[in-house]
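Student: Structure file structure06.cif (mmCIF, C-alpha atoms) is given on the next line.
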```cif
data_input
#
loop_
_atom_site.group_PDB
_atom_site.id
_atom_site.type_symbol
_atom_site.label_atom_id
_atom_site.label_comp_id
_atom_site.auth_asym_id
_atom_site.auth_seq_id
_atom_site.Cartn_x
_atom_site.Cartn_y
_atom_site.Cartn_z
ATOM 1 C CA MET J 1453 49.491 -20.480 -62.654
ATOM 2 C CA SER J 1454 48.018 -23.927 -62.208
ATOM 3 C CA THR J 1455 50.560 -24.778 -59.492
ATOM 4 C CA SER J 1456 49.660 -21.718 -57.375
ATOM 5 C CA THR J 1457 45.955 -22.348 -57.625
ATOM 6 C CA SER J 1458 46.375 -25.947 -56.581
ATOM 7 C CA GLN J 1459 48.281 -24.954 -53.426
ATOM 8 C CA ARG J 1460 45.688 -22.403 -52.136
ATOM 9 C CA PRO J 1461 43.134 -24.912 -50.842
ATOM 10 C CA ALA J 1462 45.862 -26.545 -48.761
ATOM 11 C CA VAL J 1463 46.824 -23.206 -47.152
ATOM 12 C CA GLN J 1464 43.295 -22.201 -46.083
ATOM 13 C CA PRO J 1465 42.540 -25.302 -43.986
ATOM 14 C CA ARG J 1466 45.896 -24.870 -42.261
ATOM 15 C CA ALA J 1467 45.013 -21.254 -41.375
ATOM 16 C CA ALA J 1468 41.614 -22.339 -40.156
ATOM 17 C CA ALA J 1469 43.244 -25.051 -38.078
ATOM 18 C CA LEU J 1470 45.645 -22.537 -36.560
ATOM 19 C CA GLY J 1471 42.756 -20.192 -35.736
ATOM 20 C CA ALA J 1472 40.872 -23.003 -34.031
ATOM 21 C CA VAL J 1473 43.711 -23.665 -31.581
ATOM 22 C CA PRO J 1474 42.453 -22.684 -28.085
ATOM 23 C CA VAL J 1475 44.224 -19.763 -26.450
ATOM 24 C CA PRO J 1476 44.816 -20.429 -22.720
ATOM 25 C CA GLY J 1477 44.442 -16.785 -21.647
ATOM 26 C CA ARG J 1478 41.227 -16.275 -23.583
ATOM 27 C CA ASP J 1479 39.648 -19.476 -22.260
ATOM 28 C CA ARG J 1480 40.627 -18.502 -18.727
ATOM 29 C CA ARG J 1481 38.961 -15.098 -19.100
ATOM 30 C CA ARG J 1482 35.804 -16.708 -20.449
ATOM 31 C CA ALA J 1483 35.712 -19.095 -17.520
ATOM 32 C CA TRP J 1484 36.053 -16.254 -15.005
ATOM 33 C CA THR J 1485 33.369 -14.264 -16.876
ATOM 34 C CA SER J 1486 30.912 -17.152 -16.773
ATOM 35 C CA ARG J 1487 31.614 -17.682 -13.077
ATOM 36 C CA GLY J 1488 31.087 -13.984 -12.415
ATOM 37 C CA HIS J 1489 27.759 -14.066 -14.210
ATOM 38 C CA LEU J 1490 26.750 -17.115 -12.183
ATOM 39 C CA VAL J 1491 27.696 -15.435 -8.894
ATOM 40 C CA ALA J 1492 25.841 -12.244 -9.862
ATOM 41 C CA ALA J 1493 22.743 -14.229 -10.802
ATOM 42 C CA GLY J 1494 22.916 -16.117 -7.497
ATOM 43 C CA LEU J 1495 23.224 -12.907 -5.458
ATOM 44 C CA LEU J 1496 20.358 -11.293 -7.362
ATOM 45 C CA THR J 1497 18.174 -14.347 -6.806
ATOM 46 C CA LEU J 1498 19.067 -14.344 -3.114
ATOM 47 C CA ALA J 1499 18.105 -10.676 -2.832
ATOM 48 C CA PHE J 1500 14.646 -11.400 -4.244
ATOM 49 C CA VAL J 1501 14.056 -14.659 -2.363
ATOM 50 C CA SER J 1502 15.272 -13.578 1.085
ATOM 51 C CA PRO J 1503 12.238 -11.364 1.953
ATOM 52 C CA VAL J 1504 9.882 -14.176 0.971
ATOM 53 C CA TYR J 1505 11.867 -16.640 3.058
ATOM 54 C CA LEU J 1506 11.886 -14.344 6.099
ATOM 55 C CA THR J 1507 8.133 -13.783 5.834
ATOM 56 C CA ILE J 1508 7.345 -17.491 5.630
ATOM 57 C CA VAL J 1509 9.649 -18.731 8.405
ATOM 58 C CA ASN J 1510 8.859 -15.903 10.825
ATOM 59 C CA ALA J 1511 5.107 -16.354 10.358
ATOM 60 C CA PHE J 1512 5.448 -19.694 12.163
ATOM 61 C CA LYS J 1513 7.813 -18.570 14.960
ATOM 62 C CA SER J 1514 7.237 -16.996 18.331
ATOM 63 C CA GLN J 1515 8.215 -13.445 19.221
ATOM 64 C CA ASP J 1516 11.288 -14.596 21.144
ATOM 65 C CA GLN J 1517 12.507 -16.770 18.263
ATOM 66 C CA ILE J 1518 12.117 -13.905 15.796
ATOM 67 C CA ILE J 1519 14.085 -11.493 17.974
ATOM 68 C CA ARG J 1520 16.776 -14.090 18.707
ATOM 69 C CA ASN J 1521 17.417 -15.177 15.106
ATOM 70 C CA PRO J 1522 15.057 -13.996 12.334
ATOM 71 C CA ALA J 1523 16.728 -16.107 9.630
ATOM 72 C CA ALA J 1524 16.552 -19.423 11.485
ATOM 73 C CA PRO J 1525 13.803 -21.891 10.578
ATOM 74 C CA PRO J 1526 10.958 -22.322 13.075
ATOM 75 C CA ALA J 1527 11.731 -24.931 15.748
ATOM 76 C CA PRO J 1528 9.072 -25.947 16.524
ATOM 77 C CA PRO J 1529 6.664 -24.253 14.073
ATOM 78 C CA THR J 1530 3.467 -22.728 15.402
ATOM 79 C CA THR J 1531 0.261 -21.499 13.785
ATOM 80 C CA GLY J 1532 -0.565 -19.195 16.662
ATOM 81 C CA ASN J 1533 0.522 -16.125 14.699
ATOM 82 C CA LEU J 1534 -2.091 -16.778 12.012
ATOM 83 C CA THR J 1535 -4.867 -17.389 14.504
ATOM 84 C CA ASP J 1536 -3.884 -14.301 16.498
ATOM 85 C CA ALA J 1537 -3.917 -12.201 13.328
ATOM 86 C CA LEU J 1538 -7.393 -13.467 12.426
ATOM 87 C CA ALA J 1539 -8.646 -12.967 15.999
ATOM 88 C CA ARG J 1540 -7.677 -9.302 16.278
ATOM 89 C CA PRO J 1541 -10.588 -7.213 17.613
ATOM 90 C CA ASP J 1542 -10.208 -4.616 14.858
ATOM 91 C CA ARG J 1543 -10.555 -7.392 12.196
ATOM 92 C CA ILE J 1544 -7.731 -5.794 10.254
ATOM 93 C CA VAL J 1545 -7.088 -8.917 8.151
ATOM 94 C CA GLN J 1546 -10.700 -9.629 7.220
ATOM 95 C CA ILE J 1547 -11.575 -6.007 6.481
ATOM 96 C CA GLY J 1548 -8.298 -5.328 4.691
ATOM 97 C CA LEU J 1549 -8.539 -8.409 2.454
ATOM 98 C CA THR J 1550 -12.156 -7.623 1.575
ATOM 99 C CA ASN J 1551 -11.469 -3.971 0.767
ATOM 100 C CA SER J 1552 -8.375 -4.835 -1.286
ATOM 101 C CA ALA J 1553 -10.239 -7.526 -3.233
ATOM 102 C CA VAL J 1554 -13.164 -5.195 -3.993
ATOM 103 C CA THR J 1555 -10.802 -2.410 -5.070
ATOM 104 C CA VAL J 1556 -8.781 -4.721 -7.315
ATOM 105 C CA VAL J 1557 -11.824 -6.325 -8.954
ATOM 106 C CA ALA J 1558 -13.604 -3.009 -9.571
ATOM 107 C CA SER J 1559 -10.478 -1.331 -10.957
ATOM 108 C CA VAL J 1560 -9.499 -4.220 -13.236
ATOM 109 C CA LEU J 1561 -13.061 -4.674 -14.540
ATOM 110 C CA LEU J 1562 -13.042 -1.028 -15.604
ATOM 111 C CA ILE J 1563 -9.488 -0.817 -16.927
ATOM 112 C CA ILE J 1564 -9.599 -3.937 -19.133
ATOM 113 C CA PRO J 1565 -12.577 -2.989 -21.351
ATOM 114 C CA LEU J 1566 -11.486 0.656 -21.529
ATOM 115 C CA GLY J 1567 -7.913 -0.256 -22.442
ATOM 116 C CA ALA J 1568 -8.943 -2.897 -24.974
ATOM 117 C CA ALA J 1569 -11.550 -0.672 -26.630
ATOM 118 C CA LEU J 1570 -9.204 2.305 -26.857
ATOM 119 C CA SER J 1571 -6.417 0.129 -28.253
ATOM 120 C CA PHE J 1572 -8.760 -1.327 -30.880
ATOM 121 C CA TRP J 1573 -9.862 2.171 -31.844
ATOM 122 C CA LEU J 1574 -6.239 3.313 -32.118
ATOM 123 C CA SER J 1575 -5.339 0.327 -34.310
ATOM 124 C CA ARG J 1576 -7.761 1.596 -36.963
ATOM 125 C CA ARG J 1577 -6.567 5.203 -36.889
ATOM 126 C CA PRO J 1578 -3.758 6.818 -38.945
ATOM 127 C CA ALA J 1579 -0.214 6.212 -37.763
ATOM 128 C CA LEU J 1580 0.407 9.856 -36.806
ATOM 129 C CA LEU J 1581 -2.634 10.061 -34.548
ATOM 130 C CA ARG J 1582 -1.791 6.694 -33.023
ATOM 131 C CA ARG J 1583 1.728 7.843 -32.160
ATOM 132 C CA ILE J 1584 0.492 11.073 -30.573
ATOM 133 C CA VAL J 1585 -2.067 9.288 -28.396
ATOM 134 C CA LEU J 1586 0.426 6.617 -27.330
ATOM 135 C CA ALA J 1587 2.932 9.335 -26.466
ATOM 136 C CA CYS J 1588 0.354 10.942 -24.180
ATOM 137 C CA PHE J 1589 -0.302 7.606 -22.502
ATOM 138 C CA GLY J 1590 3.444 7.097 -22.209
ATOM 139 C CA ALA J 1591 3.567 10.140 -19.965
ATOM 140 C CA GLY J 1592 1.260 8.284 -17.591
ATOM 141 C CA LEU J 1593 3.917 5.597 -17.227
ATOM 142 C CA MET J 1594 6.909 7.911 -16.951
ATOM 143 C CA ILE J 1595 5.539 10.446 -14.449
ATOM 144 C CA PRO J 1596 5.900 9.185 -10.848
ATOM 145 C CA PRO J 1597 2.554 8.664 -9.093
ATOM 146 C CA ALA J 1598 3.644 10.852 -6.169
ATOM 147 C CA VAL J 1599 3.869 13.850 -8.508
ATOM 148 C CA VAL J 1600 0.196 13.661 -9.513
ATOM 149 C CA LEU J 1601 -1.140 12.500 -6.151
ATOM 150 C CA LEU J 1602 -2.018 15.973 -4.829
ATOM 151 C CA PRO J 1603 -3.831 17.076 -8.039
ATOM 152 C CA THR J 1604 -5.695 13.760 -8.014
ATOM 153 C CA ILE J 1605 -6.857 14.318 -4.440
ATOM 154 C CA ARG J 1606 -7.985 17.868 -5.305
ATOM 155 C CA ILE J 1607 -9.994 16.605 -8.271
ATOM 156 C CA LEU J 1608 -11.612 13.902 -6.145
ATOM 157 C CA ALA J 1609 -12.427 16.469 -3.445
ATOM 158 C CA PHE J 1610 -14.058 18.686 -6.077
ATOM 159 C CA LEU J 1611 -16.186 15.696 -7.175
ATOM 160 C CA HIS J 1612 -16.924 14.806 -3.506
ATOM 161 C CA LEU J 1613 -15.233 11.432 -4.021
ATOM 162 C CA ASP J 1614 -12.353 11.875 -1.615
ATOM 163 C CA HIS J 1615 -12.230 9.398 1.287
ATOM 164 C CA THR J 1616 -14.376 6.957 -0.716
ATOM 165 C CA TYR J 1617 -13.628 3.665 -2.416
ATOM 166 C CA ALA J 1618 -15.250 4.981 -5.600
ATOM 167 C CA GLY J 1619 -12.644 7.738 -5.655
ATOM 168 C CA LEU J 1620 -9.860 5.203 -5.092
ATOM 169 C CA VAL J 1621 -11.104 3.073 -8.003
ATOM 170 C CA LEU J 1622 -11.417 6.165 -10.205
ATOM 171 C CA ALA J 1623 -7.855 7.181 -9.317
ATOM 172 C CA ASN J 1624 -6.636 3.701 -10.297
ATOM 173 C CA VAL J 1625 -8.469 3.843 -13.621
ATOM 174 C CA GLY J 1626 -7.203 7.318 -14.462
ATOM 175 C CA GLY J 1627 -3.618 6.672 -13.409
ATOM 176 C CA GLY J 1628 -0.772 4.829 -15.069
ATOM 177 C CA TYR J 1629 -2.612 1.505 -14.889
ATOM 178 C CA LEU J 1630 -4.745 2.398 -17.906
ATOM 179 C CA SER J 1631 -1.630 3.465 -19.800
ATOM 180 C CA PHE J 1632 -0.046 0.078 -19.170
ATOM 181 C CA ALA J 1633 -3.158 -1.726 -20.441
ATOM 182 C CA VAL J 1634 -3.257 0.413 -23.584
ATOM 183 C CA PHE J 1635 0.386 -0.315 -24.397
ATOM 184 C CA VAL J 1636 -0.016 -4.067 -23.890
ATOM 185 C CA TYR J 1637 -3.186 -4.276 -25.973
ATOM 186 C CA SER J 1638 -1.786 -2.020 -28.697
ATOM 187 C CA GLY J 1639 1.281 -4.208 -29.070
ATOM 188 C CA PHE J 1640 -0.792 -7.384 -29.118
ATOM 189 C CA LEU J 1641 -3.279 -6.034 -31.678
ATOM 190 C CA ARG J 1642 -0.463 -5.652 -34.201
ATOM 191 C CA SER J 1643 -0.242 -9.448 -34.408
ATOM 192 C CA ILE J 1644 -3.929 -9.834 -35.303
ATOM 193 C CA PRO J 1645 -4.449 -9.910 -39.098
ATOM 194 C CA ALA J 1646 -6.470 -6.963 -40.376
ATOM 195 C CA GLU J 1647 -8.352 -9.285 -42.734
ATOM 196 C CA ILE J 1648 -10.330 -10.703 -39.780
ATOM 197 C CA VAL J 1649 -11.741 -7.303 -38.868
ATOM 198 C CA GLU J 1650 -12.304 -6.382 -42.516
ATOM 199 C CA ALA J 1651 -14.204 -9.612 -43.176
ATOM 200 C CA ALA J 1652 -16.499 -8.990 -40.206
ATOM 201 C CA THR J 1653 -17.076 -5.408 -41.344
ATOM 202 C CA VAL J 1654 -17.991 -6.586 -44.848
ATOM 203 C CA ASP J 1655 -20.494 -9.020 -43.327
ATOM 204 C CA GLY J 1656 -22.265 -6.075 -41.705
ATOM 205 C CA ALA J 1657 -20.906 -6.210 -38.135
ATOM 206 C CA ARG J 1658 -20.473 -2.864 -36.422
ATOM 207 C CA SER J 1659 -17.341 -1.795 -34.644
ATOM 208 C CA LEU J 1660 -18.702 -2.546 -31.166
ATOM 209 C CA ARG J 1661 -19.730 -6.069 -32.152
ATOM 210 C CA VAL J 1662 -16.417 -6.699 -33.918
ATOM 211 C CA TRP J 1663 -14.530 -5.588 -30.830
ATOM 212 C CA TRP J 1664 -16.562 -7.675 -28.371
ATOM 213 C CA THR J 1665 -17.194 -10.890 -30.340
ATOM 214 C CA ILE J 1666 -14.019 -11.137 -32.454
ATOM 215 C CA VAL J 1667 -11.210 -9.020 -31.036
ATOM 216 C CA MET J 1668 -11.700 -9.610 -27.289
ATOM 217 C CA PRO J 1669 -11.502 -13.439 -27.548
ATOM 218 C CA LEU J 1670 -8.264 -13.072 -29.498
ATOM 219 C CA LEU J 1671 -6.915 -10.782 -26.768
ATOM 220 C CA ARG J 1672 -7.394 -13.380 -24.026
ATOM 221 C CA PRO J 1673 -3.641 -13.989 -23.398
ATOM 222 C CA ALA J 1674 -2.992 -10.238 -23.283
ATOM 223 C CA THR J 1675 -5.973 -9.806 -20.963
ATOM 224 C CA ALA J 1676 -4.538 -12.401 -18.574
ATOM 225 C CA THR J 1677 -1.183 -10.590 -18.579
ATOM 226 C CA VAL J 1678 -2.815 -7.224 -17.911
ATOM 227 C CA THR J 1679 -5.020 -8.723 -15.196
ATOM 228 C CA ILE J 1680 -2.120 -10.262 -13.295
ATOM 229 C CA PHE J 1681 0.103 -7.196 -13.454
ATOM 230 C CA LEU J 1682 -2.623 -4.705 -12.563
ATOM 231 C CA SER J 1683 -4.013 -6.900 -9.782
ATOM 232 C CA LEU J 1684 -0.597 -7.182 -8.142
ATOM 233 C CA TRP J 1685 0.137 -3.466 -8.498
ATOM 234 C CA ILE J 1686 -3.238 -2.361 -7.124
ATOM 235 C CA TRP J 1687 -3.153 -4.968 -4.361
ATOM 236 C CA ASN J 1688 0.307 -3.841 -3.204
ATOM 237 C CA ASP J 1689 -0.407 -0.133 -3.620
ATOM 238 C CA PHE J 1690 0.075 1.797 -0.409
ATOM 239 C CA MET J 1691 0.215 5.460 -1.310
ATOM 240 C CA ASN J 1692 -3.190 5.859 -2.991
ATOM 241 C CA PRO J 1693 -5.212 4.059 -0.283
ATOM 242 C CA GLN J 1694 -3.322 5.829 2.496
ATOM 243 C CA PHE J 1695 -3.892 9.348 1.160
ATOM 244 C CA ILE J 1696 -7.154 8.997 -0.781
ATOM 245 C CA LEU J 1697 -9.058 6.910 1.777
ATOM 246 C CA GLY J 1698 -7.337 8.191 4.894
ATOM 247 C CA PRO J 1699 -6.765 6.176 8.079
ATOM 248 C CA LEU J 1700 -10.216 6.970 9.499
ATOM 249 C CA HIS J 1701 -12.347 6.088 6.462
ATOM 250 C CA GLY J 1702 -11.180 2.593 5.617
ATOM 251 C CA GLN J 1703 -8.138 0.521 4.883
ATOM 252 C CA THR J 1704 -6.748 -2.017 2.482
ATOM 253 C CA ILE J 1705 -4.476 -4.847 3.492
ATOM 254 C CA THR J 1706 -1.328 -2.798 2.810
ATOM 255 C CA THR J 1707 -2.442 0.108 4.974
ATOM 256 C CA GLY J 1708 -3.567 -2.448 7.569
ATOM 257 C CA ILE J 1709 -0.038 -3.848 7.747
ATOM 258 C CA TYR J 1710 1.260 -0.309 8.200
ATOM 259 C CA GLN J 1711 -1.161 0.269 11.068
ATOM 260 C CA SER J 1712 -0.012 -2.989 12.693
ATOM 261 C CA VAL J 1713 3.441 -1.499 13.251
ATOM 262 C CA GLY J 1714 3.422 0.148 16.668
ATOM 263 C CA GLN J 1715 5.130 3.411 17.442
ATOM 264 C CA PHE J 1716 7.012 2.132 20.504
ATOM 265 C CA SER J 1717 6.665 -1.679 20.320
ATOM 266 C CA THR J 1718 5.617 -4.159 17.667
ATOM 267 C CA ASN J 1719 4.347 -7.705 17.888
ATOM 268 C CA TYR J 1720 6.485 -9.108 15.075
ATOM 269 C CA ALA J 1721 4.998 -12.580 15.331
ATOM 270 C CA GLN J 1722 1.495 -11.287 14.680
ATOM 271 C CA LEU J 1723 2.791 -8.855 12.052
ATOM 272 C CA PHE J 1724 4.405 -11.638 10.028
ATOM 273 C CA GLY J 1725 1.169 -13.609 10.313
ATOM 274 C CA VAL J 1726 -0.746 -10.686 8.816
ATOM 275 C CA MET J 1727 1.834 -10.355 6.043
ATOM 276 C CA LEU J 1728 1.593 -14.040 5.160
ATOM 277 C CA LEU J 1729 -2.204 -13.911 5.020
ATOM 278 C CA ALA J 1730 -1.990 -10.806 2.838
ATOM 279 C CA ALA J 1731 0.186 -12.675 0.332
ATOM 280 C CA VAL J 1732 -2.072 -15.725 0.026
ATOM 281 C CA VAL J 1733 -4.679 -14.119 -2.255
ATOM 282 C CA PRO J 1734 -2.320 -12.709 -4.959
ATOM 283 C CA VAL J 1735 -0.286 -15.917 -5.033
ATOM 284 C CA ALA J 1736 -3.453 -17.989 -5.484
ATOM 285 C CA GLY J 1737 -4.618 -15.666 -8.261
ATOM 286 C CA TYR J 1738 -1.299 -15.958 -10.065
ATOM 287 C CA LEU J 1739 -1.339 -19.759 -9.837
ATOM 288 C CA ALA J 1740 -4.847 -19.783 -11.291
ATOM 289 C CA LEU J 1741 -3.882 -17.590 -14.271
ATOM 290 C CA GLN J 1742 -0.262 -18.584 -14.817
ATOM 291 C CA LYS J 1743 -0.966 -20.575 -18.009
ATOM 292 C CA GLN J 1744 -2.682 -17.619 -19.647
ATOM 293 C CA PHE J 1745 0.029 -15.312 -18.326
ATOM 294 C CA ILE J 1746 2.836 -17.373 -19.877
ATOM 295 C CA ALA J 1747 0.866 -17.708 -23.121
ATOM 296 C CA GLY J 1748 0.475 -13.935 -23.273
ATOM 297 C CA LEU J 1749 4.196 -13.331 -22.771
ATOM 298 C CA THR J 1750 5.289 -15.947 -25.321
ATOM 299 C CA SER J 1751 2.756 -14.911 -27.948
ATOM 300 C CA GLY J 1752 3.747 -11.274 -27.603
ATOM 301 C CA ALA J 1753 7.412 -12.224 -27.980
ATOM 302 C CA THR J 1754 7.019 -14.438 -31.055
ATOM 303 C CA LYS J 1755 4.508 -12.529 -33.163
#
```
Would you write out, as structure tokens, the structure that this file holds?

Tutor:
Amino acid sequence: MSTSTSQRPAVQPRAAALGAVPVPGRDRRRAWTSRGHLVAAGLLTLAFVSPVYLTIVNAFKSQDQIIRNPAAPPAPPTTGNLTDALARPDRIVQIGLTNSAVTVVASVLLIIPLGAALSFWLSRRPALLRRIVLACFGAGLMIPPAVVLLPTIRILAFLHLDHTYAGLVLANVGGGYLSFAVFVYSGFLRSIPAEIVEAATVDGARSLRVWWTIVMPLLRPATATVTIFLSLWIWNDFMNPQFILGPLHGQTITTGIYQSVGQFSTNYAQLFGVMLLAAVVPVAGYLALQKQFIAGLTSGATK
């Protein structure tokens, strides 16, 4: 018995050593798999970067250079496309940027307090009621916007808000944008200790004061995340401004780009200049809020 027990420890390291021997076929498959993942990631990155590249290089090229080779770099570069876009008699860039900025600011300033307040109210309700309400808001994210566009226009026409920017802002607030804000705030509020709210309530603070002075400062990273996402979505939205405002009652920068495309001929040089100017504002806003945006993503992932 003692002899067999003394030989077992010598057998196990040998088995482990045999299992650690590399298998050529397995290592070759892993190498091909890693290379395939690398190629797929490169192609996916190229698919996302190529439109940005084409917009930037063609914004500084003449019409002939764009038609000859759209993917070639500008040689020599020119800023005439930008000046021509800004000098258009219909002022499509200036009016479109102003209308888009006003629409984004008004919509976000309404969605953020409504979403944060509703999420804070839901966090203090029973679990069953919270699940039912979140399920209803989930429908706002799952239903395509085109499905509810016609009922939305009918409601705005009944309220005499069709073909107005107030109606466009109201449609943004009542659409899936509010649902997104509620889901982000609800998930972030789970990481806030309940003792903070309970201590403020014991000290005599009412719910409105607790929400504004205690909860909202803690929700700053989530607010930055919601602001960036909603601003980009509303800025790039085409369907709501096109059908709610109409081509004769105003335009945003996205509908302005659509109107710049001619039916029989298109000045691509000027069109790419308009597109580049339209992208300057959201990129600048993202660069200004990127620290808060990254903090909101990391805090939501670690808590």

Student: Please write as a list in words the full residue list that the PyMOL selection byres ((chain J and resi 1633) around 9) yields on this file.

Tutor: Ile1563, Ile1564, Leu1566, Gly1567, Ala1568, Ser1571, Gly1628, Tyr1629, Leu1630, Ser1631, Phe1632, Val1634, Phe1635, Val1636, Tyr1637, Ser1638, Ala1674, Thr1675, Val1678, Thr1679 and Leu1682 of chain J

Student: With a cut-off of 6 Å, could you pull out the residues of range 1644-1747 of chain J touching range 1506-1520 of chain J and give me the nearest pair of atoms for each, distance in Å to one decimal, using only C-alpha atoms, ordered by chain and ascending number, as a Markdown table?

Tutor:
```
| residue | atom | partner | partner_atom | distance |
| --- | --- | --- | --- | --- |
| J:Ala1721 | CA | J:Gln1515 | CA | 5.1 |
| J:Phe1724 | CA | J:Ala1511 | CA | 4.8 |
| J:Gly1725 | CA | J:Ala1511 | CA | 4.8 |
```

Student: Rounded to one decimal place, report the CA of Asn1533 in chain J-CA of Asn1692 in chain J distance in Å.

Tutor: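 So the two atoms, CA of Asn1533 in chain J and CA of Asn1692 in chain J, lie 28.5 Å apart.
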
Student: Which protein, DNA or RNA residues have an atom at most 12 Å from (1.6, -2.8, 11.1), counting all atoms listed in the file? List them as a list in words.

Tutor: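 Protein and nucleic acid residues near the point are Ala1537, Ile1544, Val1545, Ile1705, Thr1706, Thr1707, Gly1708, Ile1709, Tyr1710, Gln1711, Ser1712, Val1713, Gly1714, Gln1715, Phe1716, Ser1717, Thr1718, Asn1719, Tyr1720, Ala1721, Gln1722, Leu1723, Phe1724, Gly1725, Val1726 and Met1727 of chain J.
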
Student: Find the residues around range 1642-1650 of chain J up to 12 Å (all atoms listed in the file counted), leave out those fewer than 3 positions away in its own chain, and share them as a compact mmCIF listing (two decimals) with C-alpha atoms, keeping the file's coordinate frame.

Tutor:
```txt
# COMPACT_ATOMS: atom_id res chain seq x y z
CA SER J 1571 -6.42 0.13 -28.25
CA PHE J 1572 -8.76 -1.33 -30.88
CA TRP J 1573 -9.86 2.17 -31.84
CA LEU J 1574 -6.24 3.31 -32.12
CA SER J 1575 -5.34 0.33 -34.31
CA ARG J 1576 -7.76 1.60 -36.96
CA PHE J 1635 0.39 -0.32 -24.40
CA VAL J 1636 -0.02 -4.07 -23.89
CA TYR J 1637 -3.19 -4.28 -25.97
CA SER J 1638 -1.79 -2.02 -28.70
CA GLY J 1639 1.28 -4.21 -29.07
CA THR J 1653 -17.08 -5.41 -41.34
CA VAL J 1654 -17.99 -6.59 -44.85
CA ASP J 1655 -20.49 -9.02 -43.33
CA GLY J 1656 -22.26 -6.08 -41.70
CA ALA J 1657 -20.91 -6.21 -38.14
CA ARG J 1658 -20.47 -2.86 -36.42
CA SER J 1659 -17.34 -1.80 -34.64
CA LEU J 1660 -18.70 -2.55 -31.17
CA ARG J 1661 -19.73 -6.07 -32.15
CA VAL J 1662 -16.42 -6.70 -33.92
CA TRP J 1663 -14.53 -5.59 -30.83
CA TRP J 1664 -16.56 -7.68 -28.37
CA THR J 1665 -17.19 -10.89 -30.34
CA ILE J 1666 -14.02 -11.14 -32.45
CA VAL J 1667 -11.21 -9.02 -31.04
CA MET J 1668 -11.70 -9.61 -27.29
CA PRO J 1669 -11.50 -13.44 -27.55
CA LEU J 1670 -8.26 -13.07 -29.50
CA LEU J 1671 -6.92 -10.78 -26.77
CA ALA J 1674 -2.99 -10.24 -23.28
CA SER J 1751 2.76 -14.91 -27.95
CA GLY J 1752 3.75 -11.27 -27.60
CA ALA J 1753 7.41 -12.22 -27.98
CA THR J 1754 7.02 -14.44 -31.06
CA LYS J 1755 4.51 -12.53 -33.16
```

Student: Go ahead and compute the interatomic distance for CA of Val1735 in chain J and CA of Ile1680 in chain J, in Å to one decimal.

Tutor: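 Distance between the two atoms: 10.2 Å.
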
Student: Given 5 Å on each side, where is the centre and what are the edge lengths in Å to one decimal of the axis-aligned box enclosing the listed atoms of range 1572-1578 of chain J, as JSON?

Tutor:
```
{"center_x": -6.8, "center_y": 2.7, "center_z": -34.9, "size_x": 16.1, "size_y": 18.1, "size_z": 18.1}
```

Student: Do you have the CA of Gly1626 in chain J-CA of Val1554 in chain J distance handy?

Tutor: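 Separating CA of Gly1626 in chain J from CA of Val1554 in chain J is a distance of 17.4 Å.
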
Student: Since I can't run it myself right now, could you work out what the PyMOL selection byres ((chain J and resi 1686) around 10) selects here and report it as an MDAnalysis selection string?

Tutor: chainID J and resid 1552:1553 1555:1557 1559:1560 1621 1624 1629 1681:1685 1687:1690 1692:1693

Student: Select, from J:Ala1579, J:Ala1676, J:Ala1499, J:Leu1641, the residue with the minimum atom-to-atom distance to Gly1737 in chain J, counting only C-alpha atoms.

Tutor: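 Ranked by minimum distance to Gly1737 in chain J, first place goes to J:Ala1676.
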
Student: Should you be able to, write range 1553-1559 of chain J of this structure into a file that contains N, CA, C and O atoms, as an mmCIF file, in the first residue's frame.

Tutor:
```cif
data_model
loop_
_atom_site.group_PDB
_atom_site.id
_atom_site.type_symbol
_atom_site.label_atom_id
_atom_site.label_comp_id
_atom_site.auth_asym_id
_atom_site.auth_seq_id
_atom_site.Cartn_x
_atom_site.Cartn_y
_atom_site.Cartn_z
ATOM 1 N N ALA J 1553 -29.532 72.740 -34.419
ATOM 2 C CA ALA J 1553 -29.030 73.007 -33.068
ATOM 3 C C ALA J 1553 -30.164 73.352 -32.120
ATOM 4 O O ALA J 1553 -30.199 72.854 -30.976
ATOM 5 N N VAL J 1554 -31.118 74.179 -32.565
ATOM 6 C CA VAL J 1554 -32.251 74.534 -31.702
ATOM 7 C C VAL J 1554 -33.097 73.302 -31.389
ATOM 8 O O VAL J 1554 -33.529 73.096 -30.250
ATOM 9 N N THR J 1555 -33.339 72.470 -32.392
ATOM 10 C CA THR J 1555 -34.131 71.257 -32.177
ATOM 11 C C THR J 1555 -33.447 70.307 -31.209
ATOM 12 O O THR J 1555 -34.089 69.743 -30.309
ATOM 13 N N VAL J 1556 -32.137 70.120 -31.374
ATOM 14 C CA VAL J 1556 -31.401 69.217 -30.486
ATOM 15 C C VAL J 1556 -31.396 69.738 -29.061
ATOM 16 O O VAL J 1556 -31.670 68.995 -28.103
ATOM 17 N N VAL J 1557 -31.095 71.013 -28.877
ATOM 18 C CA VAL J 1557 -31.013 71.583 -27.525
ATOM 19 C C VAL J 1557 -32.371 71.530 -26.830
ATOM 20 O O VAL J 1557 -32.475 71.123 -25.665
ATOM 21 N N ALA J 1558 -33.434 71.918 -27.535
ATOM 22 C CA ALA J 1558 -34.764 71.908 -26.919
ATOM 23 C C ALA J 1558 -35.204 70.488 -26.571
ATOM 24 O O ALA J 1558 -35.765 70.248 -25.497
ATOM 25 N N SER J 1559 -34.948 69.542 -27.461
ATOM 26 C CA SER J 1559 -35.363 68.157 -27.196
ATOM 27 C C SER J 1559 -34.586 67.550 -26.033
ATOM 28 O O SER J 1559 -35.174 66.919 -25.142
#
```
